[in-house]
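Q: Structure file start06.txt (compact mmCIF, C-alpha atoms and all ligand atoms) is given on the next line.
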# COMPACT_ATOMS: atom_id res chain seq x y z
CA MET A 1 -16.52 -1.58 -13.03
CA ARG A 2 -12.73 -1.75 -12.88
CA SER A 3 -11.00 -1.28 -16.22
CA LYS A 4 -8.23 -3.71 -17.17
CA TYR A 5 -4.47 -3.17 -17.17
CA VAL A 6 -1.93 -5.11 -19.23
CA ALA A 7 1.77 -4.74 -18.46
CA GLY A 8 4.80 -6.25 -20.14
CA ASN A 9 7.80 -7.12 -17.99
CA TRP A 10 10.70 -7.54 -20.42
CA LYS A 11 13.00 -8.82 -17.63
CA MET A 12 16.68 -9.10 -18.69
CA ASN A 13 16.00 -9.46 -22.40
CA MET A 14 16.53 -7.50 -25.65
CA ASP A 15 19.23 -5.28 -27.03
CA LYS A 16 18.85 -1.56 -27.60
CA ALA A 17 17.77 -1.79 -31.24
CA GLY A 18 15.24 -4.51 -30.39
CA ALA A 19 13.84 -2.54 -27.46
CA VAL A 20 13.35 0.57 -29.58
CA ALA A 21 11.81 -1.41 -32.44
CA LEU A 22 9.37 -3.23 -30.15
CA ALA A 23 8.35 0.00 -28.42
CA LYS A 24 7.67 1.59 -31.84
CA ASP A 25 5.60 -1.39 -32.94
CA LEU A 26 3.53 -1.29 -29.74
CA VAL A 27 2.89 2.45 -29.95
CA GLU A 28 1.60 1.98 -33.48
CA ALA A 29 -0.47 -1.13 -32.73
CA LEU A 30 -2.13 0.22 -29.58
CA LYS A 31 -2.58 3.87 -30.49
CA ASP A 32 -6.31 3.66 -31.16
CA PHE A 33 -7.19 1.64 -28.06
CA ASP A 34 -8.46 3.09 -24.83
CA GLY A 35 -6.87 0.78 -22.27
CA LYS A 36 -4.18 0.87 -19.62
CA PHE A 37 -0.91 -0.52 -20.96
CA MET A 38 2.63 -0.51 -19.60
CA ILE A 39 6.01 -1.86 -20.65
CA ALA A 40 9.02 -2.30 -18.38
CA PRO A 41 12.28 -2.54 -20.33
CA PRO A 42 15.67 -3.15 -18.66
CA TYR A 43 17.14 -0.02 -16.99
CA VAL A 44 19.72 0.64 -19.68
CA TYR A 45 17.06 0.90 -22.38
CA LEU A 46 14.56 2.99 -20.40
CA ASP A 47 15.76 6.32 -21.73
CA ALA A 48 15.67 5.19 -25.36
CA VAL A 49 12.21 3.66 -24.93
CA ALA A 50 11.00 6.79 -23.09
CA GLN A 51 11.61 8.82 -26.24
CA ILE A 52 9.40 6.45 -28.25
CA LEU A 53 6.58 6.30 -25.70
CA LYS A 54 6.30 10.08 -25.26
CA GLY A 55 2.74 11.17 -26.00
CA SER A 56 1.54 7.57 -26.43
CA ASN A 57 -1.01 5.63 -24.34
CA ILE A 58 1.66 3.23 -23.05
CA LEU A 59 3.14 3.83 -19.61
CA LEU A 60 6.86 3.42 -19.02
CA GLY A 61 7.75 1.11 -16.14
CA ALA A 62 10.95 0.06 -14.40
CA GLN A 63 11.50 -3.49 -13.15
CA ASP A 64 12.93 -2.54 -9.76
CA MET A 65 14.21 0.44 -7.82
CA ALA A 66 16.41 1.35 -4.83
CA ALA A 67 14.87 1.55 -1.38
CA THR A 68 16.78 4.75 -0.61
CA ASP A 69 17.12 8.26 -1.95
CA ASN A 70 20.14 9.40 -4.03
CA GLY A 71 23.52 8.93 -2.36
CA ALA A 72 26.35 6.46 -1.87
CA HIS A 73 24.60 3.28 -3.02
CA THR A 74 26.82 1.71 -5.67
CA GLY A 75 24.92 0.11 -8.52
CA ALA A 76 21.51 1.30 -7.37
CA VAL A 77 18.94 3.41 -9.24
CA SER A 78 16.66 5.76 -7.33
CA ALA A 79 13.02 6.72 -7.79
CA LYS A 80 14.16 10.27 -8.58
CA MET A 81 16.41 9.04 -11.39
CA LEU A 82 13.59 6.99 -12.84
CA LYS A 83 11.19 9.95 -12.66
CA ASP A 84 13.83 12.16 -14.27
CA ILE A 85 13.87 10.07 -17.45
CA GLY A 86 10.09 9.71 -17.69
CA VAL A 87 9.37 6.48 -15.82
CA GLN A 88 5.80 6.49 -14.44
CA THR A 89 5.53 3.18 -12.67
CA VAL A 90 7.74 0.53 -11.06
CA ILE A 91 7.38 -3.22 -10.59
CA LEU A 92 8.39 -4.16 -7.03
CA GLY A 93 8.66 -7.46 -5.20
CA HIS A 94 8.86 -9.62 -8.31
CA SER A 95 9.58 -13.22 -7.32
CA GLU A 96 12.80 -13.10 -9.31
CA ARG A 97 13.91 -10.22 -7.03
CA ARG A 98 12.68 -12.06 -3.94
CA TYR A 99 14.43 -15.35 -4.72
CA GLU A 100 17.44 -14.46 -6.90
CA PHE A 101 18.33 -11.30 -4.99
CA TYR A 102 17.06 -12.23 -1.53
CA GLU A 103 14.63 -9.33 -1.27
CA SER A 104 12.57 -9.47 1.91
CA ASN A 105 9.05 -8.16 2.48
CA ARG A 106 10.63 -5.44 4.62
CA LEU A 107 12.99 -4.27 1.87
CA ILE A 108 10.16 -4.36 -0.67
CA ASN A 109 8.04 -2.25 1.69
CA ARG A 110 10.80 0.39 1.86
CA LYS A 111 10.87 0.45 -1.94
CA VAL A 112 7.08 0.78 -2.12
CA LEU A 113 7.11 3.78 0.25
CA GLN A 114 10.04 5.36 -1.60
CA ALA A 115 8.27 4.99 -4.95
CA LEU A 116 5.03 6.50 -3.62
CA GLU A 117 6.84 9.43 -1.97
CA ASN A 118 8.38 10.20 -5.34
CA GLY A 119 5.13 10.02 -7.28
CA LEU A 120 5.64 6.69 -9.03
CA GLU A 121 2.86 4.15 -9.42
CA VAL A 122 3.70 0.66 -8.15
CA VAL A 123 2.93 -2.85 -9.35
CA LEU A 124 3.49 -4.98 -6.24
CA CYS A 125 4.07 -8.65 -7.08
CA ILE A 126 3.06 -11.42 -4.73
CA GLY A 127 2.76 -15.18 -5.14
CA GLU A 128 3.51 -18.58 -3.71
CA LEU A 129 6.05 -21.29 -4.44
CA PHE A 130 4.74 -24.66 -5.60
CA SER A 131 5.86 -26.16 -2.26
CA GLN A 132 3.68 -23.63 -0.47
CA ARG A 133 0.70 -24.31 -2.73
CA ILE A 134 0.75 -28.06 -2.11
CA VAL A 135 0.68 -27.62 1.65
CA GLY A 136 -2.27 -25.22 1.33
CA VAL A 137 -0.70 -21.95 2.49
CA THR A 138 -1.06 -19.94 -0.76
CA GLU A 139 -3.53 -17.42 0.67
CA ASP A 140 -1.48 -16.98 3.87
CA VAL A 141 1.73 -16.33 1.92
CA CYS A 142 -0.04 -13.75 -0.24
CA GLU A 143 -1.63 -12.09 2.78
CA LEU A 144 1.73 -11.69 4.51
CA GLN A 145 3.32 -10.30 1.34
CA ILE A 146 0.49 -7.77 1.08
CA ARG A 147 0.43 -6.78 4.76
CA ASP A 148 4.21 -6.37 4.94
CA GLY A 149 4.62 -4.92 1.46
CA LEU A 150 1.95 -2.26 2.01
CA ALA A 151 2.76 -1.39 5.65
CA GLY A 152 2.52 2.36 6.14
CA VAL A 153 0.69 2.95 2.84
CA SER A 154 -2.27 5.32 3.25
CA ASN A 155 -5.68 4.90 1.65
CA ASP A 156 -4.90 7.83 -0.63
CA GLN A 157 -1.65 6.23 -1.73
CA LEU A 158 -3.35 2.91 -2.38
CA SER A 159 -4.85 4.37 -5.56
CA LYS A 160 -1.28 4.30 -6.99
CA ILE A 161 -0.86 0.60 -6.24
CA THR A 162 -1.67 -2.36 -8.46
CA ILE A 163 -1.19 -5.89 -7.14
CA ALA A 164 0.09 -8.63 -9.44
CA TYR A 165 -0.58 -12.19 -8.30
CA GLU A 166 2.10 -14.33 -9.88
CA PRO A 167 2.20 -17.95 -8.70
CA ILE A 168 5.92 -18.67 -8.93
CA TRP A 169 5.43 -22.16 -10.35
CA ALA A 170 3.59 -20.62 -13.32
CA ILE A 171 6.27 -18.08 -14.27
CA GLY A 172 8.09 -18.89 -17.48
CA THR A 173 7.06 -22.54 -17.21
CA GLY A 174 4.13 -22.65 -19.62
CA LYS A 175 2.07 -23.92 -16.65
CA THR A 176 -0.68 -21.37 -16.13
CA ALA A 177 -2.92 -21.36 -13.10
CA THR A 178 -6.40 -22.32 -14.28
CA PRO A 179 -8.79 -19.36 -14.38
CA GLU A 180 -10.55 -20.87 -11.31
CA GLU A 181 -7.29 -21.33 -9.37
CA ALA A 182 -6.18 -17.79 -10.15
CA GLU A 183 -9.61 -16.33 -9.37
CA LYS A 184 -9.74 -18.04 -5.97
CA VAL A 185 -6.46 -16.44 -4.88
CA GLN A 186 -7.23 -13.08 -6.47
CA ALA A 187 -10.57 -12.91 -4.66
CA SER A 188 -8.78 -13.65 -1.38
CA VAL A 189 -6.27 -10.90 -2.13
CA ARG A 190 -9.15 -8.47 -2.60
CA GLU A 191 -10.58 -9.56 0.74
CA VAL A 192 -7.26 -8.90 2.44
CA ILE A 193 -7.15 -5.41 0.89
CA GLY A 194 -10.71 -4.91 2.18
CA ARG A 195 -9.71 -5.89 5.71
CA ILE A 196 -6.76 -3.47 5.69
CA PHE A 197 -8.05 -0.54 3.64
CA GLY A 198 -11.82 -0.97 3.58
CA LYS A 199 -14.43 -2.21 1.16
CA GLU A 200 -14.32 0.74 -1.21
CA ALA A 201 -10.55 0.47 -1.67
CA ALA A 202 -10.88 -3.28 -2.23
CA GLY A 203 -13.43 -2.66 -4.96
CA GLU A 204 -11.17 -0.19 -6.72
CA ILE A 205 -7.73 -1.79 -6.62
CA LYS A 206 -6.58 -3.60 -9.75
CA ILE A 207 -5.28 -7.14 -9.23
CA LEU A 208 -3.40 -8.55 -12.22
CA TYR A 209 -2.53 -12.17 -12.92
CA GLY A 210 0.96 -13.15 -14.11
CA GLY A 211 2.46 -16.52 -15.04
CA SER A 212 2.57 -17.93 -18.57
CA MET A 213 -0.28 -15.71 -19.71
CA ASN A 214 -0.52 -15.58 -23.48
CA ALA A 215 -2.88 -14.82 -26.35
CA SER A 216 -4.54 -18.25 -26.07
CA ASN A 217 -5.35 -18.21 -22.36
CA ALA A 218 -5.83 -14.45 -21.83
CA ASP A 219 -9.53 -14.39 -22.69
CA GLU A 220 -10.46 -16.99 -20.09
CA LEU A 221 -8.27 -15.51 -17.39
CA LEU A 222 -9.40 -11.94 -18.01
CA ALA A 223 -13.05 -13.02 -17.86
CA GLN A 224 -12.70 -13.80 -14.13
CA PRO A 225 -14.27 -11.16 -11.90
CA ASP A 226 -11.15 -10.53 -9.80
CA ILE A 227 -8.58 -10.65 -12.62
CA ASP A 228 -8.14 -7.05 -13.69
CA GLY A 229 -5.40 -7.62 -16.24
CA GLY A 230 -2.08 -9.31 -16.76
CA LEU A 231 1.61 -8.93 -16.00
CA ILE A 232 3.20 -10.62 -18.97
CA GLY A 233 6.78 -11.89 -19.26
CA GLY A 234 7.70 -14.05 -22.25
CA ALA A 235 4.71 -13.07 -24.37
CA SER A 236 5.51 -9.36 -23.94
CA LEU A 237 8.74 -9.66 -25.93
CA LYS A 238 7.07 -9.57 -29.34
CA ALA A 239 4.31 -7.30 -30.61
CA GLU A 240 2.50 -10.24 -32.22
CA THR A 241 2.19 -12.05 -28.88
CA PHE A 242 1.65 -9.00 -26.62
CA VAL A 243 -0.82 -6.93 -28.64
CA PRO A 244 -3.53 -9.66 -28.74
CA ILE A 245 -3.47 -9.82 -24.92
CA CYS A 246 -3.82 -6.03 -24.76
CA LYS A 247 -6.77 -6.26 -27.14
CA SER A 248 -8.38 -9.07 -25.10
CA SER A 249 -8.28 -6.78 -22.08
CA LEU A 250 -10.50 -4.25 -23.83
CA THR A 251 -13.41 -6.55 -24.42
CA LYS A 252 -13.79 -7.77 -20.84
P1 LIG B 1 5.90 -15.26 -17.96
O1 LIG B 1 4.75 -14.58 -18.63
O2 LIG B 1 7.11 -15.42 -18.84
O3 LIG B 1 5.50 -16.52 -17.27
O4 LIG B 1 6.39 -14.25 -16.79
C1 LIG B 1 5.47 -13.73 -15.93
C2 LIG B 1 6.16 -12.72 -15.09
O5 LIG B 1 6.99 -13.04 -14.26
C3 LIG B 1 5.84 -11.31 -15.34
O6 LIG B 1 6.37 -10.50 -14.36
Go ahead and express the file in the form of structure tokens.

A:
Amino acid sequence: MRSKYVAGNWKMNMDKAGAVALAKDLVEALKDFDGKFMIAPPYVYLDAVAQILKGSNILLGAQDMAATDNGAHTGAVSAKMLKDIGVQTVILGHSERRYEFYESNRLINRKVLQALENGLEVVLCIGELFSQRIVGVTEDVCELQIRDGLAGVSNDQLSKITIAYEPIWAIGTGKTATPEEAEKVQASVREVIGRIFGKEAAGEIKILYGGSMNASNADELLAQPDIDGGLIGGASLKAETFVPICKSSLTK
């Protein structure tokens, strides 16, 4: 059986003192639990949070990364730089990157390959707009994002990839997909992985759900057979709202 994975995407929130304090609280609260946990603070706080997470059971994640190696790329941060300060995993293709920063599937694919070449794990985000859902193309949109996003990824490398299905209309809106709605898409995502990488790979890959997940709805969502955890935004900004979701993930 696949074990669960709960990740907190802090987005562009917090100040340095708050980031350090939250990381300390999470290390303390989760230290006795045998699960897979990750937090992704803003770039400028990664180094400070890295010091707190050292030796803990919480992975350090970045929220994005450059598609290229070190060089003349003003404002960009490379996989090597992230590795250098202790980052283990990177969130790529988040809908806020796709829509606010015009990131294409092709650019996201270059980032995925760059991350893997440099030994970082990847959480690849996919998901549909509400306008796409109502015309019935959710599964097609997700399939394209997977096929393009994972182009050139080998079966060996796939073990470093987690998919996060985040319906865009559910992000930060308080409108969660119902467990059945989420499960239907997540099962189709697993089928797509099976068609590209084979049945065994499809059985192993973790597929998280993201979009207004919180302590009250986590149990029901995490009970679905194809929901292997959560990528949490708003509820990851406080220990009292994030820790219960982490704990829910252990009982499923
Ligand atoms: P919310 O949990 O705030 O809806 O955000 C989800 C998300 O985008 C995580 O990456």

Q: Work out how far apart CA of Ala19 in chain A and CA of Tyr45 in chain A are and give it in Å to one decimal.

A: 6.9 Å

Q: Any residue with an atom at most 9 Å from ligand LIG 1 (chain B) counts, using only C-alpha atoms and all ligand atoms. Which are they? Put them as a PyMOL selection string.

A: chain A and resi 7-11+63+91+94-96+125+164+166-176+209-214+230-236

Q: Which residue gives the smallest distance to Asn109 in chain A among A:Ser56, A:Asn70, A:Thr178, A:Gln145, with all atoms listed in the file counted?

A: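 Between A:Ser56, A:Asn70, A:Thr178, A:Gln145, the residue approaching Asn109 in chain A most closely is A:Gln145.
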
Q: If you measure from CA of Ala23 in chain A to CA of Ala40 in chain A, what distance in Å do you get, rounded to one decimal?

A: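 CA of Ala40 in chain A lies at a distance of 10.3 Å from CA of Ala23 in chain A.
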
Q: Go through A:Glu121, A:Glu139, A:Leu221, A:Gly35 and flag the residue nearest Ala187 in chain A, using only C-alpha atoms for the distances.

A: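 Closest to Ala187 in chain A of all the choices is A:Glu139.
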
Q: If we count only C-alpha atoms and set the cut-off at 10 Å, which residues sit around range 195-201 of chain A, ignoring sequence neighbours fewer than 2 positions away in its own chain? Please answer as a list in words.

A: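 Skipping anything fewer than 2 positions along the chain leaves Ile146, Arg147, Leu150, Ala151, Val153, Ser154, Asn155, Asp156, Leu158, Ser159, Val189, Arg190, Glu191, Val192, Ile193, Gly203, Glu204, Ile205 and Lys206 of chain A.
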
Q: Would you list the contacts of Gly75 in chain A as a PDB file with C-alpha atoms, in the coordinates of the input, taking every protein, DNA or RNA residue within 12 Å and counting all atoms listed in the file, but skipping same-chain residues closer than 3 positions in sequence?

A:
ATOM      1  CA  TYR A  43      17.140  -0.020 -16.990  1.00  0.00           C
ATOM      2  CA  MET A  65      14.210   0.440  -7.820  1.00  0.00           C
ATOM      3  CA  ALA A  66      16.410   1.350  -4.830  1.00  0.00           C
ATOM      4  CA  ASN A  70      20.140   9.400  -4.030  1.00  0.00           C
ATOM      5  CA  GLY A  71      23.520   8.930  -2.360  1.00  0.00           C
ATOM      6  CA  ALA A  72      26.350   6.460  -1.870  1.00  0.00           C
ATOM      7  CA  SER A  78      16.660   5.760  -7.330  1.00  0.00           C
TER       8      SER A  78
END

Q: Given the choices A:Ala239, A:Ile227, A:Leu22, A:Val6, which gets closest to Phe37 in chain A if the distance is worked out from all atoms listed in the file?

A: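 Ranking A:Ala239, A:Ile227, A:Leu22, A:Val6 by distance to Phe37 in chain A, first place goes to A:Val6.
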
Q: May I ask which of the residues A:Val20, A:Ala29, A:Ile85, A:Val123 is the closest one to Asp64 in chain A, counting all atoms listed in the file?

A: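 For Asp64 in chain A, the nearest of the given residues is A:Val123.
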
Q: Show which residues sit within 8 Å of Val122 in chain A, as an NGL selection string. Count all atoms listed in the file, and ignore same-chain residues fewer than 4 positions away.

A: :A and (89-92 or 112 or 115-116 or 160-162)

Q: How many Å separate CA of Ser131 in chain A from CA of Glu100 in chain A?

A: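 Interatomic distance here is 17.1 Å.
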
Q: Given only C-alpha atoms as the basis, pick out the residue of A:Gly194, A:Gly127, A:Gly136, A:Gly55 nearest to Leu208 in chain A.

A: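 Closest candidate: A:Gly127.
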